[in-house]
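Student: Structure file coords28.txt (compact mmCIF, C-alpha atoms) is given on the next line.
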# COMPACT_ATOMS: atom_id res chain seq x y z
CA MET Y 277 27.27 -4.87 27.42
CA GLU Y 278 24.43 -6.72 25.77
CA ARG Y 279 25.38 -9.94 24.08
CA VAL Y 280 23.61 -12.13 21.58
CA PRO Y 281 23.49 -15.74 22.83
CA VAL Y 282 24.66 -18.54 20.55
CA LEU Y 283 22.78 -21.77 21.31
CA LYS Y 284 23.63 -25.23 20.09
CA ILE Y 285 20.58 -27.23 19.02
CA GLY Y 286 21.34 -30.67 17.62
CA ASP Y 287 23.69 -30.22 14.71
CA PHE Y 288 23.11 -26.48 14.40
CA LEU Y 289 23.91 -23.25 16.12
CA LEU Y 290 20.97 -20.96 16.73
CA VAL Y 291 21.49 -17.22 17.01
CA SER Y 292 18.33 -15.33 17.91
CA ILE Y 293 18.82 -11.59 17.57
CA GLN Y 294 16.53 -9.82 20.04
CA VAL Y 295 18.31 -6.52 20.59
CA ASP Y 296 19.09 -3.55 18.38
CA MET Y 297 22.36 -4.32 16.67
CA GLU Y 298 25.27 -1.97 17.23
CA ASP Y 299 28.87 -2.18 16.06
CA GLN Y 300 30.15 -3.59 19.31
CA ILE Y 301 27.41 -6.22 19.65
CA ALA Y 302 27.87 -7.27 16.02
CA LEU Y 303 31.64 -7.68 16.44
CA GLN Y 304 31.16 -9.63 19.68
CA LEU Y 305 28.61 -11.88 17.93
CA GLN Y 306 31.01 -12.58 15.06
CA GLU Y 307 33.74 -13.55 17.57
CA ASP Y 308 31.43 -15.69 19.72
CA LEU Y 309 29.92 -17.41 16.72
CA SER Y 310 33.19 -18.26 14.99
CA ALA Y 311 34.59 -19.58 18.27
CA ARG Y 312 31.50 -21.74 18.81
CA ILE Y 313 31.55 -23.12 15.26
CA VAL Y 314 35.12 -24.29 15.70
CA GLU Y 315 34.46 -25.58 19.21
CA THR Y 316 31.31 -27.57 18.37
CA GLY Y 317 32.20 -28.51 14.81
CA VAL Y 318 28.68 -27.88 13.51
CA HIS Y 319 27.96 -27.34 9.83
CA GLY Y 320 24.90 -25.14 10.07
CA VAL Y 321 24.09 -21.74 11.58
CA ILE Y 322 20.53 -20.42 11.92
CA ILE Y 323 20.09 -16.71 12.49
CA ASP Y 324 16.62 -15.87 13.72
CA ILE Y 325 15.53 -12.28 13.08
CA THR Y 326 11.85 -12.67 14.03
CA ALA Y 327 12.25 -9.99 16.67
CA LEU Y 328 13.77 -7.40 14.35
CA ASP Y 329 11.41 -4.66 13.18
CA ILE Y 330 14.05 -2.94 11.13
CA VAL Y 331 16.71 -4.43 8.93
CA ASP Y 332 18.87 -1.69 7.47
CA SER Y 333 22.02 -1.84 5.42
CA PHE Y 334 24.09 -2.21 8.62
CA VAL Y 335 22.22 -5.34 9.74
CA GLY Y 336 22.22 -6.60 6.14
CA ARG Y 337 26.01 -6.27 5.95
CA MET Y 338 26.40 -7.93 9.34
CA LEU Y 339 24.35 -10.89 8.17
CA SER Y 340 26.45 -11.17 5.00
CA THR Y 341 29.67 -11.01 7.05
CA ILE Y 342 28.46 -13.72 9.44
CA ALA Y 343 27.48 -15.89 6.48
CA ALA Y 344 30.91 -15.40 4.91
CA ILE Y 345 32.77 -16.20 8.15
CA SER Y 346 30.66 -19.33 8.70
CA LYS Y 347 31.27 -20.41 5.13
CA VAL Y 348 35.02 -20.23 5.66
CA LEU Y 349 34.55 -22.46 8.71
CA ASP Y 350 32.48 -24.90 6.61
CA ALA Y 351 29.10 -24.00 8.08
CA GLU Y 352 26.03 -22.98 6.04
CA THR Y 353 24.11 -19.96 7.25
CA VAL Y 354 20.37 -19.53 6.93
CA VAL Y 355 18.46 -16.43 8.01
CA VAL Y 356 14.96 -17.22 9.29
CA GLY Y 357 11.85 -15.41 10.44
CA MET Y 358 12.08 -12.24 8.40
CA ARG Y 359 8.86 -10.27 8.85
CA PRO Y 360 6.79 -9.31 5.79
CA ALA Y 361 7.19 -5.62 6.57
CA VAL Y 362 10.96 -6.01 6.74
CA ALA Y 363 11.04 -7.89 3.43
CA ILE Y 364 8.89 -5.23 1.75
CA THR Y 365 11.12 -2.45 3.06
CA LEU Y 366 14.25 -4.22 1.85
CA VAL Y 367 12.74 -4.64 -1.61
CA GLU Y 368 11.57 -1.03 -1.74
CA LEU Y 369 15.05 0.12 -0.72
CA GLY Y 370 16.58 -2.13 -3.34
CA LEU Y 371 18.67 -3.97 -0.75
CA SER Y 372 19.09 -7.64 -1.32
CA LEU Y 373 20.82 -10.02 1.03
CA ASN Y 374 23.18 -11.47 -1.53
CA GLY Y 375 24.54 -14.90 -0.85
CA ILE Y 376 22.32 -15.49 2.16
CA ARG Y 377 19.87 -18.36 2.32
CA THR Y 378 16.53 -17.64 3.92
CA ALA Y 379 13.69 -19.72 5.35
CA LEU Y 380 10.30 -18.88 6.80
CA ASN Y 381 10.92 -20.18 10.31
CA VAL Y 382 13.48 -22.01 12.42
CA GLU Y 383 11.97 -25.39 11.57
CA ARG Y 384 12.16 -24.78 7.82
CA GLY Y 385 15.66 -23.44 8.28
CA MET Y 386 16.74 -26.63 10.00
CA GLU Y 387 15.18 -28.70 7.19
CA LEU Y 388 17.00 -26.61 4.61
CA LEU Y 389 20.36 -27.02 6.35
CA ALA Y 390 19.80 -30.74 6.92
CA ARG Y 391 18.98 -31.20 3.24
CA ALA Y 392 22.00 -29.19 2.11
CA ARG Y 393 24.20 -31.22 4.44
CA GLU Y 394 22.79 -34.53 3.21
CA ASP Y 395 23.38 -33.33 -0.30
CA GLU Y 396 27.04 -32.76 0.40
CA LEU Y 397 27.38 -36.13 2.09
CA PHE Y 398 25.91 -37.84 -0.97
CA LEU Y 399 28.48 -36.14 -3.09
CA ASP Y 400 31.24 -37.32 -0.81
CA LEU Y 401 30.00 -40.90 -0.84
CA GLY Y 402 29.48 -41.04 -4.58
CA ASP Y 403 26.20 -41.99 -6.23
CA ASP Y 404 25.27 -45.11 -4.23
CA ASP Y 405 22.36 -43.40 -2.50
CA SER Y 406 20.82 -41.84 -5.54
CA ALA Y 407 18.46 -44.77 -6.17
CA GLU Y 408 16.67 -44.23 -2.88
CA THR Y 409 16.10 -40.54 -3.40
CA ASP Y 410 15.07 -41.07 -6.99
CA SER Y 411 12.21 -43.29 -5.87
CA ASP Y 412 11.19 -40.60 -3.39
CA GLY Y 413 11.09 -38.05 -6.14
CA ALA Y 414 9.06 -40.33 -8.35
CA ALA Y 415 6.55 -40.91 -5.57
CA VAL Y 416 5.96 -37.20 -5.30
CA ARG Y 417 5.58 -36.78 -9.04
CA SER Y 418 3.02 -39.52 -9.54
CA MET T 24 -40.98 31.09 1.57
CA ALA T 25 -40.13 31.68 -2.05
CA LEU T 26 -39.22 35.07 -3.44
CA SER T 27 -42.03 36.91 -5.15
CA THR T 28 -41.39 38.49 -8.54
CA GLU T 29 -41.62 42.00 -7.11
CA ALA T 30 -39.21 41.19 -4.29
CA SER T 31 -36.70 39.71 -6.68
CA SER T 32 -36.73 42.76 -8.93
CA ARG T 33 -36.32 45.02 -5.85
CA LEU T 34 -33.36 42.86 -4.79
CA ALA T 35 -31.91 43.03 -8.30
CA ALA T 36 -32.10 46.81 -8.11
CA GLN T 37 -30.32 46.77 -4.75
CA LEU T 38 -27.65 44.46 -6.14
CA ASP T 39 -27.20 46.83 -9.06
CA GLU T 40 -26.91 49.83 -6.82
CA HIS T 41 -24.35 48.35 -4.45
CA GLN T 42 -22.67 46.12 -7.01
CA ASP T 43 -19.05 46.98 -6.30
CA LYS T 44 -19.35 47.06 -2.57
CA ILE T 45 -21.22 43.76 -2.34
CA SER T 46 -18.85 41.87 -4.60
CA GLU T 47 -15.85 43.33 -2.82
CA LEU T 48 -17.20 42.34 0.62
CA TRP T 49 -18.18 38.95 -0.73
CA VAL T 50 -14.73 38.27 -2.14
CA ARG T 51 -13.09 39.47 1.06
CA GLN T 52 -15.19 37.22 3.27
CA VAL T 53 -14.69 34.14 1.10
CA ALA T 54 -10.97 34.85 0.94
CA ALA T 55 -10.89 34.92 4.75
CA THR T 56 -12.49 31.47 5.03
CA LEU T 57 -10.31 29.94 2.33
CA ARG T 58 -7.17 31.41 3.93
CA GLY T 59 -5.28 31.99 0.74
CA ARG T 60 -5.56 28.48 -0.63
CA LEU T 61 -7.15 29.87 -3.78
CA SER T 62 -5.51 32.68 -5.75
CA GLN T 63 -7.09 36.10 -5.42
CA GLY T 64 -7.55 36.43 -9.17
CA GLU T 65 -9.36 33.13 -9.49
CA LEU T 66 -11.60 33.89 -6.54
CA ASP T 67 -12.36 37.35 -7.94
CA ARG T 68 -13.34 35.88 -11.27
CA GLN T 69 -15.58 33.20 -9.73
CA ILE T 70 -17.38 35.60 -7.42
CA ARG T 71 -17.94 38.22 -10.11
CA GLU T 72 -19.38 35.68 -12.51
CA LEU T 73 -21.62 34.31 -9.82
CA PHE T 74 -22.68 37.82 -8.85
CA ARG T 75 -23.58 38.72 -12.41
CA ALA T 76 -25.55 35.52 -12.89
CA LEU T 77 -27.36 36.05 -9.61
CA ARG T 78 -28.29 39.62 -10.52
CA GLU T 79 -29.51 38.66 -13.98
CA THR T 80 -31.56 35.80 -12.61
CA LEU T 81 -33.20 38.04 -10.05
CA ALA T 82 -33.76 40.78 -12.63
CA ALA T 83 -35.47 38.28 -14.89
CA GLY T 84 -37.84 37.57 -12.04
CA THR T 85 -36.77 33.99 -11.62
CA THR T 86 -37.10 32.84 -8.05
CA GLN T 87 -36.19 29.22 -8.36
CA LEU T 88 -32.90 27.44 -8.94
CA GLN T 89 -34.63 24.89 -11.16
CA GLY T 90 -35.99 26.01 -14.50
CA ASP T 91 -34.73 29.42 -15.58
CA GLY T 92 -32.03 29.65 -12.92
CA GLY T 93 -29.95 27.55 -15.27
CA GLU T 94 -26.92 29.78 -15.45
CA VAL T 95 -26.59 30.18 -11.69
CA ARG T 96 -26.97 26.46 -11.32
CA ALA T 97 -24.31 25.74 -13.95
CA LEU T 98 -21.91 28.16 -12.26
CA LEU T 99 -22.61 26.64 -8.85
CA THR T 100 -22.05 23.13 -10.21
CA GLU T 101 -18.74 24.16 -11.71
CA LEU T 102 -17.63 25.95 -8.54
CA SER T 103 -18.65 23.09 -6.22
CA ARG T 104 -16.90 20.47 -8.31
CA ALA T 105 -13.76 22.58 -8.55
CA ARG T 106 -13.71 23.14 -4.79
CA ALA T 107 -14.25 19.44 -4.08
CA LEU T 108 -11.39 18.49 -6.40
CA GLN T 109 -9.14 21.13 -4.85
CA GLY T 110 -9.76 19.55 -1.46
CA PHE T 111 -11.92 22.19 0.19
CA THR T 112 -14.49 21.02 2.73
CA SER T 113 -18.23 21.20 2.14
CA THR T 114 -18.50 23.97 4.75
CA GLU T 115 -15.85 26.10 3.04
CA THR T 116 -17.60 25.63 -0.28
CA ALA T 117 -21.05 26.50 1.04
CA ILE T 118 -19.75 29.57 2.87
CA SER T 119 -18.66 30.95 -0.50
CA ILE T 120 -22.36 31.22 -1.31
CA PHE T 121 -23.72 32.14 2.09
CA ALA T 122 -21.21 34.96 2.37
CA VAL T 123 -23.22 37.00 -0.11
CA LYS T 124 -25.95 37.43 2.49
CA GLU T 125 -23.75 39.21 4.94
CA ALA T 126 -22.10 41.22 2.18
CA PHE T 127 -25.55 42.26 1.00
CA ALA T 128 -26.71 43.15 4.50
CA THR T 129 -23.59 45.20 5.21
CA ALA T 130 -23.59 46.97 1.86
CA THR T 131 -27.26 47.90 1.88
CA ASP T 132 -27.07 48.84 5.53
CA VAL T 133 -30.16 46.82 6.57
CA PHE T 134 -28.92 46.64 10.14
CA ASN T 135 -29.40 50.34 10.73
CA ALA T 136 -32.16 51.10 8.30
CA GLU T 137 -34.61 48.45 9.44
CA SER T 138 -35.96 47.61 12.83
CA GLN T 139 -33.98 45.81 15.49
CA ALA T 140 -36.03 42.68 14.90
CA MET T 141 -34.81 42.58 11.32
CA GLY T 142 -31.18 42.79 12.42
CA ASP T 143 -31.78 40.07 14.98
CA TYR T 144 -33.41 37.89 12.39
CA ILE T 145 -30.46 38.25 10.03
CA SER T 146 -28.01 37.30 12.78
CA PHE T 147 -30.23 34.40 13.73
CA GLY T 148 -30.30 33.35 10.08
CA SER T 149 -26.53 33.22 9.83
CA PHE T 150 -26.35 31.29 13.10
CA ILE T 151 -28.80 28.72 11.71
CA ASP T 152 -26.73 28.60 8.50
CA GLU T 153 -23.75 27.62 10.62
CA LEU T 154 -25.74 24.85 12.30
CA GLY T 155 -26.91 23.62 8.93
CA LEU T 156 -23.38 23.65 7.56
CA PHE T 157 -22.17 21.67 10.56
CA THR T 158 -24.89 19.03 10.05
CA PHE T 159 -24.01 18.76 6.42
CA ALA T 160 -20.27 18.51 7.06
CA THR T 161 -20.86 15.73 9.59
CA TYR T 162 -23.19 13.96 7.20
CA ALA T 163 -20.65 14.16 4.36
CA GLN T 164 -17.90 12.90 6.63
CA ALA T 165 -20.01 9.92 7.70
CA ARG T 166 -20.74 9.14 4.06
CA GLU T 167 -17.06 9.32 3.20
CA GLU T 168 -16.25 6.90 6.01
CA VAL T 169 -18.81 4.45 4.66
CA ILE T 170 -17.31 4.75 1.18
CA ALA T 171 -13.76 4.28 2.48
CA ASP T 172 -14.86 1.19 4.42
CA GLN T 173 -16.49 -0.25 1.34
CA ALA T 174 -13.43 0.44 -0.79
CA GLU T 175 -11.30 -1.37 1.75
CA GLN T 176 -13.67 -4.32 1.87
CA LEU T 177 -13.66 -4.45 -1.90
CA LEU T 178 -9.88 -4.49 -1.88
CA GLU T 179 -9.88 -7.43 0.53
CA LEU T 180 -12.58 -9.26 -1.40
CA ALA T 181 -10.60 -8.93 -4.56
CA THR T 182 -7.39 -10.43 -3.18
CA PRO T 183 -7.92 -13.77 -1.48
CA VAL T 184 -4.95 -15.93 -0.58
CA VAL T 185 -5.91 -19.60 -0.79
CA LYS T 186 -4.14 -22.67 0.45
CA LEU T 187 -3.73 -25.20 -2.36
CA TRP T 188 -1.74 -27.89 -0.62
CA ASP T 189 0.34 -28.39 2.47
CA GLY T 190 2.99 -25.72 2.16
CA VAL T 191 1.61 -24.23 -1.06
CA VAL T 192 -0.53 -21.08 -1.13
CA ALA T 193 -1.90 -19.24 -4.18
CA VAL T 194 -3.16 -15.74 -4.98
CA PRO T 195 -5.46 -15.67 -7.99
CA LEU T 196 -5.20 -12.09 -9.19
CA VAL T 197 -8.33 -10.83 -10.91
CA GLY T 198 -8.68 -7.39 -12.45
CA THR T 199 -6.32 -4.50 -12.95
CA LEU T 200 -3.33 -4.43 -10.66
CA ASP T 201 -2.61 -0.88 -9.53
CA SER T 202 -0.09 0.17 -6.90
CA ALA T 203 -2.57 0.17 -4.00
CA ARG T 204 -3.84 -3.30 -4.83
CA ALA T 205 -0.38 -4.64 -5.48
CA GLN T 206 0.65 -3.44 -2.05
CA VAL T 207 -2.31 -5.19 -0.42
CA VAL T 208 -1.64 -8.38 -2.37
CA MET T 209 2.03 -8.32 -1.37
CA GLU T 210 1.29 -7.77 2.32
CA ARG T 211 -1.42 -10.39 2.49
CA LEU T 212 0.60 -12.97 0.62
CA LEU T 213 3.70 -12.47 2.77
CA GLN T 214 1.63 -12.53 5.96
CA THR T 215 -0.04 -15.78 4.85
CA LEU T 216 3.39 -17.28 4.16
CA VAL T 217 4.40 -16.52 7.74
CA ASP T 218 1.09 -17.64 9.25
CA THR T 219 0.94 -20.95 7.42
CA GLY T 220 4.68 -21.55 7.17
CA SER T 221 4.30 -22.31 3.46
CA PRO T 222 7.56 -22.25 1.50
CA TYR T 223 5.80 -22.04 -1.89
CA ALA T 224 3.51 -19.36 -3.24
CA ILE T 225 1.82 -19.29 -6.64
CA ILE T 226 0.82 -15.94 -8.13
CA ASP T 227 -1.81 -16.66 -10.77
CA ILE T 228 -2.34 -13.82 -13.23
CA THR T 229 -4.98 -15.49 -15.41
CA GLY T 230 -7.48 -12.78 -14.45
CA VAL T 231 -5.19 -9.83 -15.07
CA PRO T 232 -6.33 -8.28 -18.36
CA ALA T 233 -2.99 -6.75 -19.33
CA VAL T 234 0.56 -6.88 -18.09
CA ASP T 235 2.63 -3.75 -18.48
CA THR T 236 5.96 -2.86 -16.96
CA GLN T 237 4.27 -1.51 -13.85
CA VAL T 238 2.33 -4.69 -13.15
CA ALA T 239 5.45 -6.74 -13.81
CA GLN T 240 7.37 -4.54 -11.40
CA HIS T 241 4.77 -5.17 -8.67
CA VAL T 242 4.83 -8.90 -9.23
CA LEU T 243 8.64 -8.98 -9.25
CA LYS T 244 8.81 -7.02 -5.99
CA THR T 245 6.47 -9.51 -4.35
CA VAL T 246 8.57 -12.41 -5.56
CA VAL T 247 11.80 -10.85 -4.31
CA ALA T 248 10.25 -10.03 -0.92
CA ALA T 249 8.98 -13.60 -0.57
CA ARG T 250 12.42 -14.87 -1.47
CA LEU T 251 14.00 -12.70 1.21
CA MET T 252 11.68 -14.34 3.69
CA GLY T 253 12.68 -17.78 2.51
CA ALA T 254 9.76 -18.70 0.27
CA GLU T 255 9.69 -19.40 -3.44
CA CYS T 256 7.16 -17.82 -5.77
CA ILE T 257 5.89 -19.28 -9.03
CA ILE T 258 4.03 -17.14 -11.54
CA SER T 259 1.27 -18.94 -13.42
CA GLY T 260 -1.61 -18.21 -15.76
CA ILE T 261 0.41 -16.45 -18.40
CA ARG T 262 -1.72 -16.29 -21.53
CA PRO T 263 -0.12 -16.39 -24.98
CA GLN T 264 -0.69 -12.69 -25.72
CA ILE T 265 0.69 -11.76 -22.33
CA ALA T 266 3.80 -13.85 -22.92
CA GLN T 267 4.31 -11.93 -26.17
CA THR T 268 3.77 -8.60 -24.43
CA ILE T 269 6.24 -9.52 -21.70
CA VAL T 270 8.91 -10.35 -24.26
CA ALA T 271 8.11 -7.29 -26.38
CA LEU T 272 8.43 -5.02 -23.34
CA GLY T 273 11.72 -6.63 -22.43
CA ILE T 274 10.56 -7.63 -18.94
CA GLU T 275 13.03 -10.03 -17.37
CA PHE T 276 11.65 -12.58 -14.94
CA GLY T 277 15.16 -13.90 -14.35
CA ASP T 278 15.24 -17.23 -12.54
CA ILE T 279 11.64 -16.94 -11.35
CA ALA T 280 9.62 -19.99 -12.39
CA THR T 281 6.79 -19.13 -14.77
CA LYS T 282 4.11 -21.62 -15.79
CA ALA T 283 1.23 -21.49 -18.23
CA THR T 284 -1.38 -22.88 -15.88
CA LEU T 285 -2.05 -23.08 -12.18
CA ALA T 286 -1.91 -26.88 -12.41
CA ASP T 287 1.63 -26.75 -13.81
CA ALA T 288 2.65 -24.38 -11.05
CA LEU T 289 1.21 -26.66 -8.37
CA ARG T 290 2.97 -29.66 -9.87
CA HIS T 291 6.21 -27.70 -9.91
CA ALA T 292 5.78 -26.67 -6.26
CA LEU T 293 5.01 -30.24 -5.17
CA ARG T 294 7.97 -31.61 -7.05
CA ARG T 295 10.27 -29.01 -5.55
CA SER T 296 9.02 -29.59 -2.02
CA GLY T 297 9.71 -33.30 -2.33
CA ASN T 298 13.13 -34.88 -2.16
CA SER T 299 13.57 -34.68 -5.90
CA ASP T 300 15.01 -31.21 -5.30
CA LEU T 301 17.94 -32.92 -3.66
CA VAL T 302 18.23 -35.53 -6.42
CA ARG T 303 18.21 -32.96 -9.15
CA ARG T 304 20.86 -30.78 -7.60
CA GLY T 305 22.97 -33.77 -6.66
CA ALA T 306 22.80 -35.09 -10.21
CA ALA T 307 23.65 -31.72 -11.67
CA ARG T 308 26.75 -31.39 -9.52
CA ARG T 309 27.86 -34.91 -10.24
CA GLU T 310 27.85 -34.20 -13.95
CA HIS T 311 30.28 -31.33 -13.51
Hey, can you dump this file as structure tokens for me?

Tutor:
Amino acid sequence: MERVPVLKIGDFLLVSIQVDMEDQIALQLQEDLSARIVETGVHGVIIDITALDIVDSFVGRMLSTIAAISKVLDAETVVVGMRPAVAITLVELGLSLNGIRTALNVERGMELLARAREDELFLDLGDDDSAETDSDGAAVRS
Amino acid sequence: MALSTEASSRLAAQLDEHQDKISELWVRQVAATLRGRLSQGELDRQIRELFRALRETLAAGTTQLQGDGGEVRALLTELSRARALQGFTSTETAISIFAVKEAFATATDVFNAESQAMGDYISFGSFIDELGLFTFATYAQAREEVIADQAEQLLELATPVVKLWDGVVAVPLVGTLDSARAQVVMERLLQTLVDTGSPYAIIDITGVPAVDTQVAQHVLKTVVAARLMGAECIISGIRPQIAQTIVALGIEFGDIATKATLADALRHALRRSGNSDLVRRGAARREH
């Protein structure tokens, strides 16, 4: 049976979907992914759908399920590389990927996850670090 | 070789004599070429009117379409326009007229009555008609291709996607936004987002004369599609009247950022792409 590989890159897991999703493959992926999240202790999952020409309600639901499972295991999910044609079709069909973060490409996805993670860490540590980031923000504004 | 006055009155007499047969044959032949895409009644009416006008014109001794042939010309104009709008080809339209020749020849029995050369010449004439029709059809098709190309170029000209900053692209929309254009704008914008990897897009509607629910719908769709791909859209260039219209129409932009000017939108995008995003959210959560 075909299987979707789950790769660990730095602090993230990368899932690149290259095959047509079917029930069995989707279930296997959910199992593999949840096992890997626990095993590696990562806090971010990137799902790359660059290779998908069609995203229907089945794939949409699968993505939502994966995001929900990861969330329970304390990992943020971001879907990257959605093609323009796919996005247009989803909008025309009125399907929206509720509760799923998206980014243009893997790199942006990693940035997004890193930023979200940092954000959480700041919260944990209290507001000691806020001065540094404030100055960053000011630099951009000026 | 123009018709002489005597010839035209002789023809008018012939038309009179074989009136029913000619118009019946004419209608039948046109109906065969149109293959039932026009109702029999309508076709009947058109052909009979045309026949009457033709007969009267010939009887009056007019041999030219210009000048006194006014009624025939008006009828032909009406018929040609109607056929074009109904989607018939130029050949099918022209055959409606040419068909009268064969109907006339059959009805008046020229094939048998006159010499063999005459019959040959008539057949030759219809063969040449076919060649002429083919040339014209090809010509019209080539013209249509040129027009379609130009329309496409115009569409592309009218919807540039420009890069404003690292990671920020903008589409200045100018002119009326119909469905076809909105589709092109959406596709080009989304493709540019992918190509440049820009997470921010500004849709500037300064040049859009009026915003109705349809235009708003197109813009909203684009924003949602961009969001699905992981990019954020900002709508800018909303003029005071347009803001009032938007509110009056009850159009909801939801949590989509809207700015009055392109400069504001760019500032917003730059601020968001910097670390201040993190600061702001962090601060907001801390307050809770």

Student: Record the distance separating atom CA of T:Ala292 and atom CA of T:Val191, expressed in Å with one decimal.

Tutor: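 Pair atom CA of T:Ala292 / atom CA of T:Val191 returns 7.1 Å.
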
Student: For a cut-off of 10 Å around (24.0, -25.7, 20.1), file coordinates, pick out all residues using all atoms listed in the file and list them as an MDAnalysis selection string.

Tutor: chainID Y and resid 282:291 312:313 316 318 321

Student: Just to confirm, what's the straight-line distance from atom CA of T:Ile151 to atom CA of T:Ala55 in Å (one decimal)?

Tutor: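 So the answer is 20.2 Å.
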
Student: Residues within 6 Å of stretch 194-209 of chain T, please, as a ChimeraX atom specification. Count all atoms listed in the file; anything in the same chain fewer than 2 positions from it doesn't count.

Tutor: /T:184,211-212,226-228,230-231,245

Student: Just need the residues of chain Y within 6 Å of chain T, counting only C-alpha atoms, so spit them out as a ChimeraX atom specification.

Tutor: /Y:358,360,363-364,367,378-380,413

Student: Counting all atoms listed in the file, what is within 7 Å of Y:Val355, bar same-chain residues fewer than 2 positions away, as number ranges by chain?

Tutor: Y: 322-324, 353, 377-379

Student: Please produce a file of the residues just selected, as a compact mmCIF listing (two decimals), in the frame of the given file, where the atoms kept are C-alpha atoms.

Tutor:
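The resulting selection_19.txt:
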# COMPACT_ATOMS: atom_id res chain seq x y z
CA ILE Y 322 20.53 -20.42 11.92
CA ILE Y 323 20.09 -16.71 12.49
CA ASP Y 324 16.62 -15.87 13.72
CA THR Y 353 24.11 -19.96 7.25
CA ARG Y 377 19.87 -18.36 2.32
CA THR Y 378 16.53 -17.64 3.92
CA ALA Y 379 13.69 -19.72 5.35

Student: Atom CA of Y:Leu369 and atom CA of Y:Val335, how far apart in Å?

Tutor: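 Here the two named atoms are 13.8 Å from each other.
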
Student: Tell me, counting all atoms listed in the file, for each residue of stretch 60-156 of chain T within 6 Å of stretch 24-43 of chain T, which pair of atoms is nearest and how far apart they are in Å to one decimal, in rows ordered by chain and increasing number, as CSV.

Tutor:
residue,atom,partner,partner_atom,distance
T:Arg78,CA,T:Ala35,CA,5.4
T:Leu81,CA,T:Ser31,CA,5.1
T:Ala82,CA,T:Ser32,CA,5.1
T:Gly84,CA,T:Thr28,CA,5.1
T:Thr86,CA,T:Leu26,CA,5.5

Student: Skip Y:Ser310 itself and residues of its chain fewer than 6 positions away, then list as a list in words all residues within 12 Å of it, counting all atoms listed in the file.

Tutor: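 The residues that qualify are Val282, Leu289, Val291, Leu303, Gln304, Thr316, Gly317, Val318, His319, Gly320, Val321, Thr341, Ile342, Ala343, Ala344, Ile345, Ser346, Lys347, Val348, Leu349, Asp350 and Ala351 of chain Y.
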
Student: Kindly list the centre and edge lengths in Å, rounded to one decimal, for the axis-aligned box that covers all listed atoms of stretch 310-325 of chain Y plus 5 Å on each of its six sides, as lines of an AutoDock Vina configuration file.

Tutor:
center_x = 25.3
center_y = -20.4
center_z = 14.5
size_x = 29.6
size_y = 26.2
size_z = 19.4

Student: Using only C-alpha atoms, pick whichever of Y:Val314, Y:Glu307, Y:Val354, Y:Ile293 has the shortest atom-to-atom distance to Y:Ala390.

Tutor: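 Smallest separation from Y:Ala390 among the options: Y:Val354.
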
Student: For stretch 328-333 of chain Y, please output as a ChimeraX atom specification all residues within 8 Å (counting only C-alpha atoms; exclusion window: fewer than 2 positions along the same chain).

Tutor: /Y:293-296,325-326,335-337,358-359,361-362,366,371

Student: Please tell me which residues are no farther than 9 Å from (28.6, -13.2, 21.3) in the file, counting only C-alpha atoms, and write them as a ChimeraX atom specification.

Tutor: /Y:278-282,301-309

Student: If we count only C-alpha atoms, what is near T:Phe157 at a cut-off of 12 Å, once residues fewer than 3 positions away on the same chain are taken out, given as JSON, numbers by chain?

Tutor: {"T": [112, 113, 114, 115, 117, 118, 150, 151, 152, 153, 154, 160, 161, 162, 163, 164]}
